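Content type mmCIF, C-alpha atoms, from the file work-v3.cif:
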data_final
#
loop_
_atom_site.group_PDB
_atom_site.id
_atom_site.type_symbol
_atom_site.label_atom_id
_atom_site.label_comp_id
_atom_site.auth_asym_id
_atom_site.auth_seq_id
_atom_site.Cartn_x
_atom_site.Cartn_y
_atom_site.Cartn_z
ATOM 1 C CA MET Y 80 0.000 0.000 0.000
ATOM 2 C CA LYS Y 81 2.827 2.390 0.873
ATOM 3 C CA THR Y 82 4.419 1.680 -2.494
ATOM 4 C CA VAL Y 83 1.215 2.578 -4.370
ATOM 5 C CA ILE Y 84 0.784 5.829 -2.425
ATOM 6 C CA SER Y 85 4.442 6.723 -2.943
ATOM 7 C CA PHE Y 86 4.108 6.043 -6.675
ATOM 8 C CA ILE Y 87 0.987 8.244 -6.931
ATOM 9 C CA ILE Y 88 2.734 11.081 -5.068
ATOM 10 C CA PHE Y 89 5.745 10.702 -7.370
ATOM 11 C CA LEU Y 90 3.483 10.939 -10.448
ATOM 12 C CA LEU Y 91 1.734 14.051 -9.127
ATOM 13 C CA ILE Y 92 5.015 15.809 -8.340
ATOM 14 C CA SER Y 93 6.486 14.859 -11.727
ATOM 15 C CA TRP Y 94 3.398 16.169 -13.513
ATOM 16 C CA GLN Y 95 3.621 19.524 -11.672
ATOM 17 C CA ILE Y 96 7.322 19.936 -12.456
ATOM 18 C CA GLY Y 97 6.672 19.221 -16.136
ATOM 19 C CA ALA Y 98 3.807 21.728 -16.213
ATOM 20 C CA ILE Y 99 5.999 24.525 -14.814
ATOM 21 C CA GLU Y 100 8.194 24.508 -17.936
ATOM 22 C CA THR Y 101 5.306 25.331 -20.264
ATOM 23 C CA ARG Y 102 3.753 28.091 -18.165
ATOM 24 C CA GLY Y 103 3.796 31.865 -18.314
ATOM 25 C CA LEU Y 104 6.648 33.972 -19.589
ATOM 26 C CA GLN Y 105 8.717 31.000 -20.719
ATOM 27 C CA ASN Y 106 6.687 30.721 -23.920
ATOM 28 C CA LYS Y 107 8.285 32.437 -26.899
ATOM 29 C CA ILE Y 108 6.892 33.327 -30.306
ATOM 30 C CA LYS Y 109 8.131 30.681 -32.704
ATOM 31 C CA GLU Y 110 7.025 32.166 -35.983
ATOM 32 C CA LEU Y 111 5.461 35.433 -37.123
ATOM 33 C CA ASP Y 112 3.294 35.993 -40.142
ATOM 34 C CA ASP Y 113 5.325 37.989 -42.684
ATOM 35 C CA ASN Y 114 2.307 40.189 -43.429
ATOM 36 C CA ALA Y 115 1.542 40.966 -39.789
ATOM 37 C CA LYS Y 116 2.008 44.516 -38.607
ATOM 38 C CA ILE Y 117 4.150 44.490 -35.504
ATOM 39 C CA GLY Y 118 3.620 47.407 -33.185
ATOM 40 C CA LYS Y 119 5.845 48.921 -30.573
ATOM 41 C CA ASN Y 120 5.338 48.679 -26.830
ATOM 42 C CA TYR Y 121 5.072 51.885 -24.809
ATOM 43 C CA LEU Y 122 5.181 52.254 -21.041
ATOM 44 C CA ASN Y 123 3.979 55.249 -19.025
ATOM 45 C CA LEU Y 124 4.752 55.390 -15.291
ATOM 46 C CA ASN Y 125 3.081 58.123 -13.189
ATOM 47 C CA CYS Y 126 3.800 57.978 -9.449
ATOM 48 C CA SER Y 127 3.931 60.264 -6.449
ATOM 49 C CA ARG Y 128 5.070 59.450 -2.933
ATOM 50 C CA LYS Y 129 4.842 62.788 -1.179
ATOM 51 C CA TYR Y 130 1.759 64.844 -0.391
ATOM 52 C CA LYS Y 131 1.199 67.983 1.653
ATOM 53 C CA GLU Y 132 -1.749 66.676 3.630
ATOM 54 C CA TRP Y 133 -1.465 62.916 3.395
ATOM 55 C CA ILE Y 134 0.795 60.084 4.461
ATOM 56 C CA LEU Y 135 3.850 59.106 2.430
ATOM 57 C CA LEU Y 136 3.233 56.404 -0.188
ATOM 58 C CA LYS Y 137 6.428 54.449 0.415
ATOM 59 C CA HIS Y 138 6.283 51.968 -2.420
ATOM 60 C CA SER Y 139 4.667 53.681 -5.418
ATOM 61 C CA VAL Y 140 7.863 54.758 -7.193
ATOM 62 C CA LYS Y 141 9.712 51.595 -6.174
ATOM 63 C CA ASP Y 142 6.862 49.454 -7.552
ATOM 64 C CA ALA Y 143 6.892 51.402 -10.812
ATOM 65 C CA LYS Y 144 10.636 50.891 -11.210
ATOM 66 C CA ARG Y 145 10.293 47.173 -10.474
ATOM 67 C CA LEU Y 146 7.549 46.899 -13.087
ATOM 68 C CA LYS Y 147 9.783 48.710 -15.585
ATOM 69 C CA ASP Y 148 12.667 46.293 -14.868
ATOM 70 C CA VAL Y 149 10.462 43.245 -15.388
ATOM 71 C CA LEU Y 150 9.035 44.616 -18.630
ATOM 72 C CA LEU Y 151 12.485 45.488 -19.967
ATOM 73 C CA LYS Y 152 13.785 41.997 -19.190
ATOM 74 C CA LYS Y 153 10.792 39.920 -20.269
ATOM 75 C CA TYR Y 154 9.123 41.965 -23.023
ATOM 76 C CA TYR Y 155 10.176 43.989 -26.020
ATOM 77 C CA ILE Y 156 10.081 47.564 -24.758
ATOM 78 C CA ASP Y 157 12.614 50.041 -26.074
ATOM 79 C CA ASN Y 158 14.048 52.481 -23.517
ATOM 80 C CA ASN Y 159 13.005 55.463 -25.626
ATOM 81 C CA LYS Y 160 9.371 54.259 -25.469
ATOM 82 C CA ILE Y 161 9.235 54.587 -21.682
ATOM 83 C CA PHE Y 162 7.798 57.771 -20.202
ATOM 84 C CA GLU Y 163 8.198 58.405 -16.469
ATOM 85 C CA LEU Y 164 6.805 61.104 -14.209
ATOM 86 C CA PHE Y 165 7.754 60.704 -10.555
ATOM 87 C CA ASP Y 166 6.938 62.767 -7.459
ATOM 88 C CA SER Y 167 6.911 66.510 -8.206
ATOM 89 C CA GLU Y 168 6.891 65.885 -11.984
ATOM 90 C CA ALA Y 169 3.714 63.781 -11.760
ATOM 91 C CA LYS Y 170 1.311 66.723 -11.770
ATOM 92 C CA LYS Y 171 -1.925 66.864 -13.726
ATOM 93 C CA GLU Y 172 -0.536 69.330 -16.278
ATOM 94 C CA ASN Y 173 2.558 67.234 -16.969
ATOM 95 C CA ILE Y 174 0.559 64.024 -17.248
ATOM 96 C CA LEU Y 175 -1.827 65.623 -19.766
ATOM 97 C CA LEU Y 176 1.109 66.984 -21.798
ATOM 98 C CA LEU Y 177 2.710 63.567 -21.779
ATOM 99 C CA PHE Y 178 -0.520 61.915 -22.957
ATOM 100 C CA LYS Y 179 -0.688 64.386 -25.859
ATOM 101 C CA LYS Y 180 2.910 63.557 -26.786
ATOM 102 C CA ILE Y 181 2.218 59.821 -26.665
ATOM 103 C CA GLN Y 182 -0.981 60.284 -28.680
ATOM 104 C CA LEU Y 183 0.995 61.932 -31.492
ATOM 105 C CA GLU Y 184 3.567 59.137 -31.519
ATOM 106 C CA ILE Y 185 1.498 55.986 -31.013
ATOM 107 C CA ASN Y 186 -0.246 53.986 -33.772
ATOM 108 C CA PRO Y 187 -3.154 51.516 -33.666
ATOM 109 C CA GLU Y 188 -0.667 48.616 -33.914
ATOM 110 C CA ASN Y 189 1.177 49.780 -30.779
ATOM 111 C CA SER Y 190 0.540 48.856 -27.157
ATOM 112 C CA LEU Y 191 0.519 51.255 -24.226
ATOM 113 C CA LEU Y 192 0.667 50.259 -20.566
ATOM 114 C CA ILE Y 193 -0.094 53.033 -18.073
ATOM 115 C CA PHE Y 194 0.932 52.551 -14.442
ATOM 116 C CA TYR Y 195 -0.646 55.200 -12.226
ATOM 117 C CA ALA Y 196 0.089 55.184 -8.504
ATOM 118 C CA GLU Y 197 -1.109 58.335 -6.798
ATOM 119 C CA LEU Y 198 -3.780 59.535 -4.435
ATOM 120 C CA SER Y 199 -6.577 61.231 -6.280
#

Show me, as structure tokens, the structure contained in the file I just sent.
Amino acid sequence: MKTVISFIIFLLISWQIGAIETRGLQNKIKELDDNAKIGKNYLNLNCSRKYKEWILLKHSVKDAKRLKDVLLKKYYIDNNKIFELFDSEAKKENILLLFKKIQLEINPENSLLIFYAELS
């Protein structure tokens, strides 16, 4: 009986280990259609930590920078397609100006990820 239970546990563990290899970010594109339009990836990070009348948001900028690092390592984002506004720069006027700039540059084939971490 112990042998049967041990064998079943071994099979379950082996199955899980095999499934890990085919999950998530490990998958790569093998072949692209030659006629497909390939867009560019854009990233916009807007974060503030400090406020006059509110507590400090300790992790907003740090989280944004971590997200940026992951996206640069795992996805195809060019450094000149990343737009960052942190702390005193992340004001309404600057964010709206940045959105106008991105709107002039981006195409329907492109992707835009906006990370917004502020109190509002």

(message) When you count all atoms listed in the file, which of these residues is closest to Gln182 of chain Y: Y:Asn159, Y:Arg128, Y:Asn123, Y:Ala196?
(response)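 That would be Y:Asn123, the residue with the smallest distance to Gln182 of chain Y.
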
(message) Taking only C-alpha atoms into account, name the residue in Y:Asn186, Y:Asn158, Y:Ile193, Y:Ile84 that is nearest to Lys116 of chain Y.
(response)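 Distance minimum relative to Lys116 of chain Y lands on Y:Asn186.
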
(message) When the PyMOL selection byres ((chain Y and resi 122) around 12) is applied to the structure above, which residues does it catch, written out as a PyMOL selection string?
(response) chain Y and resi 119-121+123-125+143-144+146-151+154-164+177-178+181+185+189-195

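In this structure, atom CA of Lys141 of chain Y sits 14.7 Å away from atom CA of Ala169 of chain Y.
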
(message) Just to confirm, what's the straight-line distance from atom CA of Lys170 of chain Y to atom CA of Glu184 of chain Y in Å (one decimal)?
(response) 21.3 Å

(request) Rounded to one decimal place, report the atom CA of Leu183 of chain Y-atom CA of Phe165 of chain Y distance in Å. (result)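 Straight-line distance from atom CA of Leu183 of chain Y to atom CA of Phe165 of chain Y works out to 22.0 Å.
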